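**Q** What follows is coords_4.txt, compact mmCIF, C-alpha atoms.
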```
# COMPACT_ATOMS: atom_id res chain seq x y z
CA MET C 1 14.95 0.01 -18.64
CA ASP C 2 15.61 3.68 -19.40
CA ILE C 3 12.08 4.72 -20.26
CA SER C 4 10.82 7.81 -18.48
CA ALA C 5 8.15 7.42 -15.81
CA PHE C 6 5.92 9.90 -17.61
CA VAL C 7 5.95 7.89 -20.85
CA LEU C 8 5.38 4.69 -18.89
CA PHE C 9 2.32 6.21 -17.24
CA TRP C 10 0.62 6.95 -20.57
CA ALA C 11 1.78 3.69 -22.10
CA ALA C 12 0.21 1.74 -19.23
CA ILE C 13 -3.13 3.44 -19.87
CA PHE C 14 -3.30 3.18 -23.65
CA THR C 15 -0.76 1.02 -25.45
CA SER C 16 -0.32 -1.76 -22.88
CA ASN C 17 -3.63 -1.56 -21.11
CA ILE C 18 -3.46 -4.00 -18.22
CA LEU C 19 -6.79 -5.54 -19.12
CA LEU C 20 -7.06 -5.29 -22.87
CA THR C 21 -3.55 -6.42 -23.76
CA ASN C 22 -2.41 -8.33 -20.67
CA PHE C 23 -5.78 -9.86 -19.72
CA LEU C 24 -5.33 -9.07 -16.03
CA GLY C 25 -8.25 -8.48 -13.69
CA MET C 26 -10.78 -10.24 -15.91
CA CYS C 27 -12.75 -12.01 -13.16
CA SER C 28 -14.01 -8.93 -11.35
CA PHE C 29 -14.13 -7.08 -14.67
CA LEU C 30 -16.80 -9.42 -16.01
CA SER C 31 -18.81 -9.76 -12.82
CA VAL C 32 -18.89 -6.13 -11.66
CA SER C 33 -19.40 -4.42 -15.03
CA ARG C 34 -23.18 -4.91 -14.91
CA GLU C 35 -23.60 -1.44 -13.40
CA VAL C 36 -21.78 1.76 -14.23
CA GLU C 37 -21.79 3.03 -10.64
CA SER C 38 -20.23 0.01 -9.02
CA SER C 39 -17.74 -0.22 -11.88
CA ALA C 40 -16.60 3.31 -11.16
CA GLY C 41 -16.33 2.54 -7.44
CA LEU C 42 -14.26 -0.56 -7.96
CA GLY C 43 -12.13 1.19 -10.57
CA ILE C 44 -11.24 4.04 -8.23
CA ALA C 45 -10.39 1.59 -5.45
CA VAL C 46 -8.19 -0.33 -7.89
CA ILE C 47 -6.30 2.83 -8.93
CA PHE C 48 -5.54 3.67 -5.32
CA VAL C 49 -4.52 0.19 -4.19
CA LEU C 50 -2.55 -0.48 -7.38
CA THR C 51 -0.48 2.69 -7.06
CA ALA C 52 0.25 2.13 -3.38
CA THR C 53 1.05 -1.58 -3.61
CA ALA C 54 3.28 -1.09 -6.67
CA GLY C 55 5.42 1.28 -4.59
CA LEU C 56 5.26 -0.89 -1.45
CA ASN C 57 6.16 -4.08 -3.25
CA TRP C 58 9.05 -2.36 -5.02
CA LEU C 59 10.43 -1.28 -1.65
CA VAL C 60 9.90 -4.72 -0.12
CA TYR C 61 11.54 -6.45 -3.08
CA HIS C 62 14.62 -4.24 -3.25
CA TYR C 63 15.19 -3.63 0.47
CA VAL C 64 14.07 -6.93 2.01
CA LEU C 65 13.99 -9.76 -0.51
CA VAL C 66 17.14 -8.92 -2.49
CA PRO C 67 19.48 -8.27 0.51
CA PHE C 68 18.42 -11.56 2.09
CA GLY C 69 18.58 -13.43 -1.22
CA ILE C 70 15.04 -14.80 -0.91
CA MET C 71 13.65 -13.56 -4.23
CA TYR C 72 11.86 -16.88 -4.77
CA LEU C 73 9.50 -15.96 -1.93
CA GLN C 74 8.25 -12.92 -3.88
CA PHE C 75 4.87 -14.48 -4.75
CA ILE C 76 3.89 -15.12 -1.15
CA VAL C 77 5.37 -11.88 0.18
CA PHE C 78 3.63 -9.75 -2.46
CA ILE C 79 0.28 -11.39 -1.73
CA ILE C 80 0.71 -10.78 2.00
CA VAL C 81 1.68 -7.13 1.42
CA ILE C 82 -1.37 -6.60 -0.79
CA ALA C 83 -3.76 -8.34 1.62
CA ALA C 84 -2.36 -6.46 4.61
CA PHE C 85 -2.53 -3.12 2.82
CA VAL C 86 -6.14 -3.67 1.78
CA GLN C 87 -7.11 -4.62 5.36
CA LEU C 88 -5.36 -1.56 6.74
CA LEU C 89 -6.99 0.68 4.17
CA GLU C 90 -10.38 -0.75 5.06
CA LEU C 91 -9.83 0.08 8.75
CA VAL C 92 -8.60 3.60 8.06
CA VAL C 93 -11.38 4.42 5.61
CA GLU C 94 -14.04 3.04 7.95
CA ARG C 95 -12.67 5.09 10.87
CA TYR C 96 -12.06 8.42 9.15
CA ALA C 97 -14.32 8.51 6.11
CA PRO C 98 -17.48 6.51 6.80
CA ALA C 99 -19.27 7.95 3.76
CA LEU C 100 -16.49 6.78 1.48
CA TYR C 101 -16.48 3.43 3.26
CA TYR C 102 -20.12 2.80 2.43
CA SER C 103 -19.59 3.53 -1.24
CA LEU C 104 -16.20 1.84 -1.73
CA GLY C 105 -15.95 -0.50 1.27
CA ILE C 106 -17.62 -3.50 -0.29
CA PHE C 107 -15.13 -3.45 -3.16
CA LEU C 108 -12.01 -3.57 -1.03
CA PRO C 109 -12.09 -7.32 -0.21
CA LEU C 110 -12.62 -8.01 -3.92
CA ILE C 111 -9.37 -6.26 -4.70
CA THR C 112 -7.13 -8.67 -2.83
CA VAL C 113 -7.97 -11.38 -5.34
CA ASN C 114 -7.86 -9.08 -8.37
CA CYS C 115 -5.04 -10.42 -10.50
CA ALA C 116 -4.28 -6.96 -11.93
CA ILE C 117 -2.86 -5.84 -8.56
CA PHE C 118 -0.64 -8.88 -8.18
CA GLY C 119 0.28 -8.90 -11.87
CA VAL C 120 1.57 -5.33 -11.80
CA SER C 121 3.83 -6.17 -8.85
CA LEU C 122 5.24 -9.12 -10.79
CA PHE C 123 5.69 -7.04 -13.95
CA LEU C 124 7.74 -4.41 -12.20
CA VAL C 125 10.15 -7.04 -10.91
CA ILE C 126 10.45 -8.82 -14.27
CA ARG C 127 10.91 -5.58 -16.22
CA ASP C 128 13.30 -4.15 -13.63
CA TYR C 129 11.60 -0.78 -13.13
CA ASN C 130 12.96 1.77 -10.66
CA PHE C 131 10.82 3.21 -7.86
CA LEU C 132 9.40 6.15 -9.81
CA GLN C 133 8.68 4.00 -12.85
CA SER C 134 6.89 1.47 -10.65
CA ILE C 135 4.59 4.10 -9.17
CA ALA C 136 3.86 5.54 -12.62
CA PHE C 137 3.22 2.08 -14.04
CA GLY C 138 0.92 1.20 -11.13
CA ALA C 139 -1.09 4.42 -11.43
CA GLY C 140 -1.32 4.14 -15.21
CA SER C 141 -2.44 0.54 -15.07
CA GLY C 142 -5.13 1.43 -12.55
CA ILE C 143 -6.47 4.25 -14.69
CA GLY C 144 -6.37 2.00 -17.74
CA TRP C 145 -8.36 -0.62 -15.85
CA LEU C 146 -10.95 1.96 -14.76
CA LEU C 147 -11.24 3.15 -18.35
CA ALA C 148 -11.81 -0.37 -19.65
CA ILE C 149 -14.41 -1.34 -17.04
CA LEU C 150 -16.31 1.95 -17.42
CA MET C 151 -16.50 1.50 -21.19
CA LEU C 152 -17.74 -2.07 -20.87
CA ALA C 153 -20.28 -1.14 -18.19
CA GLY C 154 -21.60 1.68 -20.39
CA ILE C 155 -21.97 -0.61 -23.39
CA ARG C 156 -23.58 -3.37 -21.32
CA ALA C 157 -26.14 -0.90 -19.96
CA LYS C 158 -27.19 -0.09 -23.55
CA LEU C 159 -27.19 -3.78 -24.41
CA LYS C 160 -29.81 -4.66 -21.81
CA GLU C 161 -32.65 -3.82 -24.19
CA LYS C 162 -31.12 -5.55 -27.19
CA LEU C 163 -31.74 -9.11 -28.33
CA VAL C 164 -28.71 -11.32 -27.75
CA PRO C 165 -28.63 -15.04 -28.70
CA ALA C 166 -29.42 -17.15 -25.63
CA GLY C 167 -26.07 -18.93 -25.42
CA LEU C 168 -24.14 -15.70 -25.75
CA GLN C 169 -25.80 -13.78 -22.93
CA GLY C 170 -23.73 -12.66 -19.97
CA ALA C 171 -20.09 -13.61 -20.22
CA GLY C 172 -20.10 -14.42 -23.93
CA ILE C 173 -21.26 -11.05 -25.21
CA SER C 174 -19.07 -9.22 -22.68
CA LEU C 175 -16.03 -11.05 -24.01
CA ILE C 176 -16.91 -10.10 -27.59
CA ILE C 177 -17.34 -6.44 -26.60
CA THR C 178 -14.02 -6.58 -24.76
CA GLY C 179 -12.42 -8.04 -27.87
CA ILE C 180 -13.71 -5.17 -30.00
CA MET C 181 -12.44 -2.70 -27.39
CA ALA C 182 -9.06 -4.40 -27.47
CA LEU C 183 -9.05 -4.05 -31.27
CA ALA C 184 -9.66 -0.34 -30.89
CA PHE C 185 -6.84 0.00 -28.38
CA ILE C 186 -4.42 -1.63 -30.81
CA GLY C 187 -4.77 1.63 -32.72
CA PHE C 188 -2.72 3.30 -29.98
CA SER C 189 0.07 0.77 -30.08
CA GLY C 190 2.20 2.59 -32.65
CA ILE C 191 2.75 5.51 -30.25
CA VAL C 192 5.05 3.84 -27.77
CA GLN C 193 6.10 0.25 -27.00
CA ILE C 194 7.05 -0.77 -23.48
CA GLN C 195 7.46 -4.52 -23.72
CA MET Z 1 -20.31 -39.74 -5.69
CA THR Z 2 -17.67 -42.15 -6.95
CA LYS Z 3 -14.18 -40.87 -7.69
CA LYS Z 4 -14.83 -41.07 -11.42
CA ASP Z 5 -17.95 -38.92 -11.05
CA ILE Z 6 -16.02 -36.29 -9.11
CA PHE Z 7 -13.49 -36.10 -11.92
CA ILE Z 8 -16.07 -35.85 -14.70
CA VAL Z 9 -18.16 -33.24 -12.89
CA SER Z 10 -15.23 -30.95 -12.13
CA ALA Z 11 -13.57 -31.39 -15.51
CA PHE Z 12 -16.59 -31.13 -17.83
CA LYS Z 13 -20.03 -30.56 -16.31
CA GLU Z 14 -18.88 -27.79 -13.98
CA ASN Z 15 -15.84 -26.74 -16.01
CA SER Z 16 -14.39 -23.69 -14.29
CA VAL Z 17 -13.71 -21.73 -17.46
CA TRP Z 18 -16.74 -22.21 -19.65
CA LYS Z 19 -19.37 -22.84 -16.96
CA GLN Z 20 -18.22 -20.60 -14.13
CA ILE Z 21 -16.13 -18.08 -16.12
CA LEU Z 22 -13.21 -18.32 -13.69
CA GLY Z 23 -9.50 -18.15 -14.35
CA ILE Z 24 -9.91 -16.24 -17.58
CA CYS Z 25 -6.86 -13.99 -17.08
CA SER Z 26 -4.26 -16.62 -17.60
CA SER Z 27 -6.30 -18.72 -19.99
CA LEU Z 28 -6.28 -15.83 -22.45
CA ALA Z 29 -2.74 -14.62 -21.99
CA VAL Z 30 -0.72 -17.78 -22.56
CA THR Z 31 -2.76 -19.24 -25.39
CA ASN Z 32 -0.82 -17.89 -28.36
CA LEU Z 33 1.31 -21.06 -28.44
CA MET Z 34 0.19 -24.61 -27.70
CA LEU Z 35 3.38 -25.59 -25.89
CA ASN Z 36 3.06 -22.66 -23.47
CA SER Z 37 -0.58 -23.56 -22.84
CA LEU Z 38 0.30 -27.18 -22.12
CA ILE Z 39 3.05 -26.24 -19.65
CA MET Z 40 0.78 -23.69 -17.99
CA GLY Z 41 -1.97 -26.30 -17.76
CA LEU Z 42 0.37 -28.85 -16.19
CA GLY Z 43 1.49 -26.23 -13.68
CA VAL Z 44 -2.12 -25.53 -12.74
CA ILE Z 45 -2.99 -29.25 -12.46
CA PHE Z 46 0.04 -29.81 -10.21
CA SER Z 47 -0.60 -26.92 -7.85
CA LEU Z 48 -4.38 -27.36 -7.85
CA ALA Z 49 -4.26 -31.08 -7.01
CA LEU Z 50 -1.65 -30.76 -4.27
CA ALA Z 51 -3.10 -27.56 -2.80
CA ASN Z 52 -6.55 -29.17 -2.67
CA TYR Z 53 -5.04 -32.24 -0.98
CA THR Z 54 -3.20 -30.16 1.63
CA ILE Z 55 -6.13 -27.84 2.33
CA SER Z 56 -8.40 -30.84 2.79
CA LEU Z 57 -5.89 -32.49 5.16
CA ILE Z 58 -5.88 -29.51 7.52
CA ARG Z 59 -9.53 -28.56 7.01
CA SER Z 60 -10.64 -29.45 10.52
CA TYR Z 61 -7.73 -27.66 12.22
CA THR Z 62 -8.00 -24.35 10.35
CA PRO Z 63 -9.92 -21.65 12.24
CA ARG Z 64 -12.56 -20.02 10.08
CA SER Z 65 -11.14 -16.54 10.52
CA VAL Z 66 -7.78 -17.30 8.91
CA ARG Z 67 -9.05 -19.88 6.42
CA MET Z 68 -8.60 -17.71 3.32
CA MET Z 69 -5.10 -16.65 4.28
CA ALA Z 70 -4.07 -20.24 5.03
CA GLN Z 71 -5.43 -21.38 1.66
CA THR Z 72 -3.61 -18.62 -0.18
CA LEU Z 73 -0.32 -19.47 1.51
CA ILE Z 74 -0.66 -23.19 0.72
CA ILE Z 75 -1.44 -22.43 -2.92
CA GLY Z 76 1.45 -19.95 -2.99
CA ALA Z 77 3.89 -22.57 -1.73
CA TYR Z 78 3.03 -24.98 -4.55
CA VAL Z 79 3.13 -22.23 -7.17
CA ILE Z 80 6.63 -21.32 -6.01
CA ILE Z 81 7.64 -24.95 -6.56
CA VAL Z 82 6.22 -24.83 -10.10
CA ASP Z 83 8.05 -21.57 -10.77
CA ILE Z 84 11.40 -22.87 -9.52
CA LEU Z 85 11.05 -26.11 -11.50
CA LEU Z 86 10.21 -24.18 -14.68
CA LYS Z 87 13.14 -21.79 -14.22
CA ALA Z 88 15.51 -24.73 -13.75
CA TRP Z 89 14.30 -27.07 -16.49
CA MET Z 90 12.66 -24.83 -19.10
CA PRO Z 91 14.16 -21.33 -18.77
CA GLU Z 92 12.93 -20.38 -22.27
CA ILE Z 93 9.28 -21.15 -21.54
CA SER Z 94 9.53 -19.70 -18.04
CA LYS Z 95 10.59 -16.41 -19.63
CA GLN Z 96 7.73 -16.44 -22.13
CA LEU Z 97 5.13 -17.20 -19.48
CA GLY Z 98 6.58 -14.32 -17.44
CA PRO Z 99 4.33 -13.22 -14.60
CA TYR Z 100 1.54 -15.63 -15.52
CA VAL Z 101 3.12 -18.52 -13.59
CA GLY Z 102 3.01 -16.45 -10.41
CA LEU Z 103 -0.51 -15.38 -11.28
CA ILE Z 104 -1.68 -18.96 -10.73
CA ILE Z 105 -1.96 -17.88 -7.07
CA THR Z 106 -4.66 -15.35 -7.85
CA ASN Z 107 -6.30 -17.64 -10.39
CA CYS Z 108 -9.87 -17.81 -9.14
CA ILE Z 109 -10.08 -21.51 -10.03
CA LEU Z 110 -7.67 -22.46 -7.24
CA MET Z 111 -9.40 -20.41 -4.55
CA GLY Z 112 -12.77 -21.50 -5.92
CA ARG Z 113 -12.02 -25.22 -5.70
CA ALA Z 114 -10.41 -24.81 -2.28
CA GLU Z 115 -13.49 -23.04 -0.93
CA ALA Z 116 -16.14 -25.06 -2.70
CA PHE Z 117 -14.70 -28.55 -2.49
CA ALA Z 118 -11.44 -29.09 -0.59
CA SER Z 119 -12.55 -27.41 2.63
CA GLN Z 120 -15.47 -29.85 2.97
CA ASN Z 121 -14.26 -33.15 1.53
CA LYS Z 122 -11.75 -35.93 2.14
CA PRO Z 123 -8.14 -35.40 0.94
CA VAL Z 124 -8.14 -38.00 -1.85
CA ASP Z 125 -11.49 -36.80 -3.21
CA ALA Z 126 -10.23 -33.22 -3.07
CA MET Z 127 -7.14 -34.19 -5.02
CA ILE Z 128 -9.22 -35.88 -7.73
CA ASP Z 129 -11.44 -32.80 -7.89
CA GLY Z 130 -8.29 -30.68 -8.29
CA ILE Z 131 -6.97 -32.86 -11.10
CA GLY Z 132 -10.37 -32.77 -12.78
CA ALA Z 133 -10.68 -28.99 -12.62
CA GLY Z 134 -7.07 -28.66 -13.82
CA VAL Z 135 -7.66 -30.99 -16.77
CA GLY Z 136 -10.80 -29.06 -17.72
CA TYR Z 137 -8.83 -25.81 -17.60
CA THR Z 138 -5.97 -27.25 -19.67
CA LEU Z 139 -8.44 -28.52 -22.25
CA VAL Z 140 -9.87 -25.02 -22.76
CA LEU Z 141 -6.37 -23.56 -22.99
CA LEU Z 142 -5.30 -26.09 -25.61
CA LEU Z 143 -8.45 -25.54 -27.68
CA ILE Z 144 -7.93 -21.77 -27.80
CA ALA Z 145 -4.21 -22.18 -28.43
CA PHE Z 146 -4.91 -24.66 -31.25
CA VAL Z 147 -6.85 -22.04 -33.21
CA ARG Z 148 -4.48 -19.19 -32.38
CA GLU Z 149 -1.25 -20.99 -33.17
CA LEU Z 150 -2.60 -22.71 -36.29
CA PHE Z 151 -3.79 -19.47 -37.89
CA GLY Z 152 -1.36 -17.07 -36.25
CA PHE Z 153 1.88 -18.94 -36.95
CA GLY Z 154 0.83 -21.80 -39.24
CA THR Z 155 2.31 -24.28 -36.75
CA LEU Z 156 1.17 -26.68 -33.99
CA PHE Z 157 3.51 -27.28 -31.05
CA GLY Z 158 6.14 -25.52 -33.18
CA PHE Z 159 5.83 -27.93 -36.14
CA ARG Z 160 4.88 -26.45 -39.51
CA VAL Z 161 1.38 -27.55 -40.51
CA MET Z 162 0.27 -25.01 -43.09
CA GLY Z 163 1.95 -25.07 -46.51
CA ALA Z 164 4.66 -22.66 -47.60
CA GLY Z 165 2.12 -20.31 -49.18
CA TRP Z 166 0.35 -19.69 -45.85
CA THR Z 167 0.07 -16.08 -44.72
CA ASN Z 168 -0.03 -15.69 -40.94
CA TRP Z 169 -3.09 -13.96 -39.54
CA SER Z 170 -1.45 -11.43 -37.28
CA ILE Z 171 -4.75 -10.75 -35.47
CA MET Z 172 -4.53 -14.28 -34.03
CA VAL Z 173 -1.25 -13.43 -32.29
CA MET Z 174 -2.70 -10.27 -30.75
CA ALA Z 175 -4.99 -9.89 -27.75
CA PRO Z 176 -8.45 -9.44 -29.33
CA SER Z 177 -8.52 -12.87 -30.97
CA ALA Z 178 -8.31 -14.53 -27.54
CA PHE Z 179 -11.44 -12.70 -26.42
CA PHE Z 180 -13.31 -13.61 -29.59
CA ILE Z 181 -12.36 -17.28 -29.58
CA LEU Z 182 -13.26 -17.76 -25.92
CA ALA Z 183 -16.59 -15.99 -26.49
CA LEU Z 184 -17.42 -18.19 -29.48
CA MET Z 185 -16.43 -21.26 -27.50
CA ILE Z 186 -18.70 -20.34 -24.60
CA TRP Z 187 -21.48 -19.67 -27.08
CA ALA Z 188 -21.12 -23.05 -28.76
CA ILE Z 189 -20.89 -24.93 -25.47
CA ASN Z 190 -23.89 -23.16 -23.97
CA THR Z 191 -25.95 -23.93 -27.04
CA TYR Z 192 -24.99 -27.54 -27.75
CA TYR Z 193 -23.65 -28.96 -24.47
CA TYR Z 194 -25.99 -27.43 -21.95
CA LYS Z 195 -28.86 -27.10 -24.46
CA GLY Z 196 -29.88 -23.78 -22.99
CA ALA Z 197 -30.36 -25.32 -19.51
CA LYS Z 198 -29.80 -22.35 -17.24
```
Go ahead and render the structure in this file as structure tokens.
**A**
Amino acid sequence: MDISAFVLFWAAIFTSNILLTNFLGMCSFLSVSREVESSAGLGIAVIFVLTATAGLNWLVYHYVLVPFGIMYLQFIVFIIVIAAFVQLLELVVERYAPALYYSLGIFLPLITVNCAIFGVSLFLVIRDYNFLQSIAFGAGSGIGWLLAILMLAGIRAKLKEKLVPAGLQGAGISLIITGIMALAFIGFSGIVQIQ
Amino acid sequence: MTKKDIFIVSAFKENSVWKQILGICSSLAVTNLMLNSLIMGLGVIFSLALANYTISLIRSYTPRSVRMMAQTLIIGAYVIIVDILLKAWMPEISKQLGPYVGLIITNCILMGRAEAFASQNKPVDAMIDGIGAGVGYTLVLLLIAFVRELFGFGTLFGFRVMGAGWTNWSIMVMAPSAFFILALMIWAINTYYYKGAK
């Protein structure tokens, strides 16, 4: 892949949004988006963890798994790296930035099981990105995810006072809104294609 | 509960996708073709049933503090088997499914069933619960894929169904249609199957 990291960064936010075109990170997306504030908190935590683990997993894959010829272990190794990183981050944040810990801390355990984090690590192996591209792709995907969850949370806040058919409340209406958002994002897709 | 009850409850009454809204990521991404959905569903049934069985076997020896990690590793091991088998026997489909085979590990259905059922029940019951939940998941996948492939490509399992004059609906191939179809499905099921019982 000879696409520049800068282009990849913007493409990951708009044209191949991790959530709206690749459907990754839906579980926490639907459950957390009830409130704008917690959505923002989770989104920021996702950006940070996604950027760091994309770089870490690239290094682990190319300097540990490939030399030893154990690429088939990538699923388990990536999960362990992500879980370990999140634990470590939790300890560091709790020790040095207690205020930040109280606002973001509760979201950190949720992130380990967020498929967006794991999915990005798998994408960068499949698409054969280099280190810089991986970091850019991770950061872009995180920002794209934050953008999507903030938009949904904003719309859902407005929707609270509206009448929604009984069977459609909760997940149903959120999925329809997400679908409309995805439609809007297709408008960007002519700018650059990365897959 | 008899074994048949366990199966019916986990496959239909408590279906992970439409009742608990779990495992949506992969159920949306692979549903543009029915064949892909079927293979993905079989992969999930396989790893879910065996992972549930294994987790239930060791449930009394696993310390609480490392329970989650142990469950993830067991699930991961079976997903790796699925991935290797797919790469060896169906390289074409393995390529199309891309990262979504690996993403079975983070599929909330697997962790959910492990936590909610396998860690408290006997191995055989846990396995039946796993098969049930997997079948329920596959059913949803196939239903969404049926609509998307029929209208998006005019085919079912790759065979031409629509006549020569059929114009493909390109929206059905793209991402938004998956969101809409799943939403409509949840709506219909909530209204007619659960009759508004909340």
**Q** Measuring atom to atom with all atoms listed in the file, identify which of C:Trp145, C:Tyr96, C:Phe188, C:Tyr61 is nearest to Ile126 in chain C.
**A**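 Under the stated criterion, the closest residue is C:Tyr61.
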**Q** Taking all atoms listed in the file into account, find every residue of chain Z that has an atom no more than 8 Å from chain C, and write it out as a PyMOL selection string.
**A** chain Z and resi 21-26+28-29+73+76-77+80+84+98-100+102-103+105-108+175-180+182-184+186-191+196
**Q** Looking at C:Leu8, C:Ala99, C:Val92, C:Ile82, which one is nearest to Ala52 in chain C, with distances taken over all atoms listed in the file?
**A** C:Ile82
**Q** Name the closest residue to Ile13 in chain C among the candidates C:Val192, C:Val64, C:Ala157, C:Ala54; distances are taken between atoms, counting all atoms listed in the file.
**A**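 Going through C:Val192, C:Val64, C:Ala157, C:Ala54 one by one, the smallest distance to Ile13 in chain C is for C:Val192.
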**Q** Rounded to one decimal place, report the CA of Gly140 in chain C-CA of Thr15 in chain C distance in Å.
**A**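 Atom-to-atom, CA of Gly140 in chain C to CA of Thr15 in chain C, that is 10.7 Å.
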**Q** Figure out the distance between CA of Leu141 in chain Z and CA of Val30 in chain Z, please, to one decimal in Å.
**A**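 These atoms are spaced 8.1 Å apart.
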**Q** For Ile131 in chain Z, please output as a compact mmCIF listing (two decimals) with C-alpha atoms, in the coordinates of the input all residues within 10 Å (counting all atoms listed in the file; exclusion window: fewer than 4 positions along the same chain).
**A**
```txt
# COMPACT_ATOMS: atom_id res chain seq x y z
CA ILE Z 6 -16.02 -36.29 -9.11
CA PHE Z 7 -13.49 -36.10 -11.92
CA SER Z 10 -15.23 -30.95 -12.13
CA ALA Z 11 -13.57 -31.39 -15.51
CA LEU Z 42 0.37 -28.85 -16.19
CA VAL Z 44 -2.12 -25.53 -12.74
CA ILE Z 45 -2.99 -29.25 -12.46
CA PHE Z 46 0.04 -29.81 -10.21
CA SER Z 47 -0.60 -26.92 -7.85
CA LEU Z 48 -4.38 -27.36 -7.85
CA ALA Z 49 -4.26 -31.08 -7.01
CA LEU Z 50 -1.65 -30.76 -4.27
CA ASN Z 52 -6.55 -29.17 -2.67
CA ASP Z 125 -11.49 -36.80 -3.21
CA ALA Z 126 -10.23 -33.22 -3.07
CA MET Z 127 -7.14 -34.19 -5.02
CA VAL Z 135 -7.66 -30.99 -16.77
CA GLY Z 136 -10.80 -29.06 -17.72
CA TYR Z 137 -8.83 -25.81 -17.60
```
**Q** Separation of CA of Ser103 in chain C and CA of Met68 in chain Z, in Å?
**A**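 Separation between CA of Ser103 in chain C and CA of Met68 in chain Z: 24.3 Å.
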**Q** Report, as AutoDock Vina command-line options, the axis-aligned box around all atoms of range 177-186 of chain Z present in the file, extended by 5 Å on each side; give centre and edge lengths in Å to one decimal place.
**A**
```
--center_x -13.5 --center_y -17.0 --center_z -27.8 --size_x 20.4 --size_y 18.6 --size_z 16.4
```
**Q** What's around Val93 in chain C at 12 Å? Count only C-alpha atoms, leave out sequence neighbours fewer than 4 positions away in its own chain, and write the answer as a ChimeraX atom specification.
**A** /C:45,85-89,97-106,108
**Q** Taking C-alpha atoms for each residue, export the selection above as an mmCIF file, in the coordinates of the input.
**A**
```cif
data_model
loop_
_atom_site.group_PDB
_atom_site.id
_atom_site.type_symbol
_atom_site.label_atom_id
_atom_site.label_comp_id
_atom_site.auth_asym_id
_atom_site.auth_seq_id
_atom_site.Cartn_x
_atom_site.Cartn_y
_atom_site.Cartn_z
ATOM 1 C CA ALA C 45 -10.390 1.590 -5.450
ATOM 2 C CA PHE C 85 -2.530 -3.120 2.820
ATOM 3 C CA VAL C 86 -6.140 -3.670 1.780
ATOM 4 C CA GLN C 87 -7.110 -4.620 5.360
ATOM 5 C CA LEU C 88 -5.360 -1.560 6.740
ATOM 6 C CA LEU C 89 -6.990 0.680 4.170
ATOM 7 C CA ALA C 97 -14.320 8.510 6.110
ATOM 8 C CA PRO C 98 -17.480 6.510 6.800
ATOM 9 C CA ALA C 99 -19.270 7.950 3.760
ATOM 10 C CA LEU C 100 -16.490 6.780 1.480
ATOM 11 C CA TYR C 101 -16.480 3.430 3.260
ATOM 12 C CA TYR C 102 -20.120 2.800 2.430
ATOM 13 C CA SER C 103 -19.590 3.530 -1.240
ATOM 14 C CA LEU C 104 -16.200 1.840 -1.730
ATOM 15 C CA GLY C 105 -15.950 -0.500 1.270
ATOM 16 C CA ILE C 106 -17.620 -3.500 -0.290
ATOM 17 C CA LEU C 108 -12.010 -3.570 -1.030
#
```
**Q** Measuring between only C-alpha atoms, which one of Z:Val173, Z:Ile58, Z:Ile128, Z:Met185 shows the shortest distance to Asp5 in chain Z?
**A**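 The closest residue to Asp5 in chain Z is Z:Ile128.
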**Q** Find the residue from Z:Ile39, Z:Ser27, Z:Tyr193, Z:Val147 that sits nearest to Met90 in chain Z; use all atoms listed in the file when measuring.
**A**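 For Met90 in chain Z, the nearest of the candidates is Z:Ile39.
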**Q** So, with all atoms listed in the file as the atoms that count, which of Z:Val82, Z:Leu33, Z:Met174, Z:Leu57 lies closest to Thr155 in chain Z?
**A**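 Once distances to Thr155 in chain Z are computed over all atoms listed in the file, the minimum belongs to Z:Leu33.
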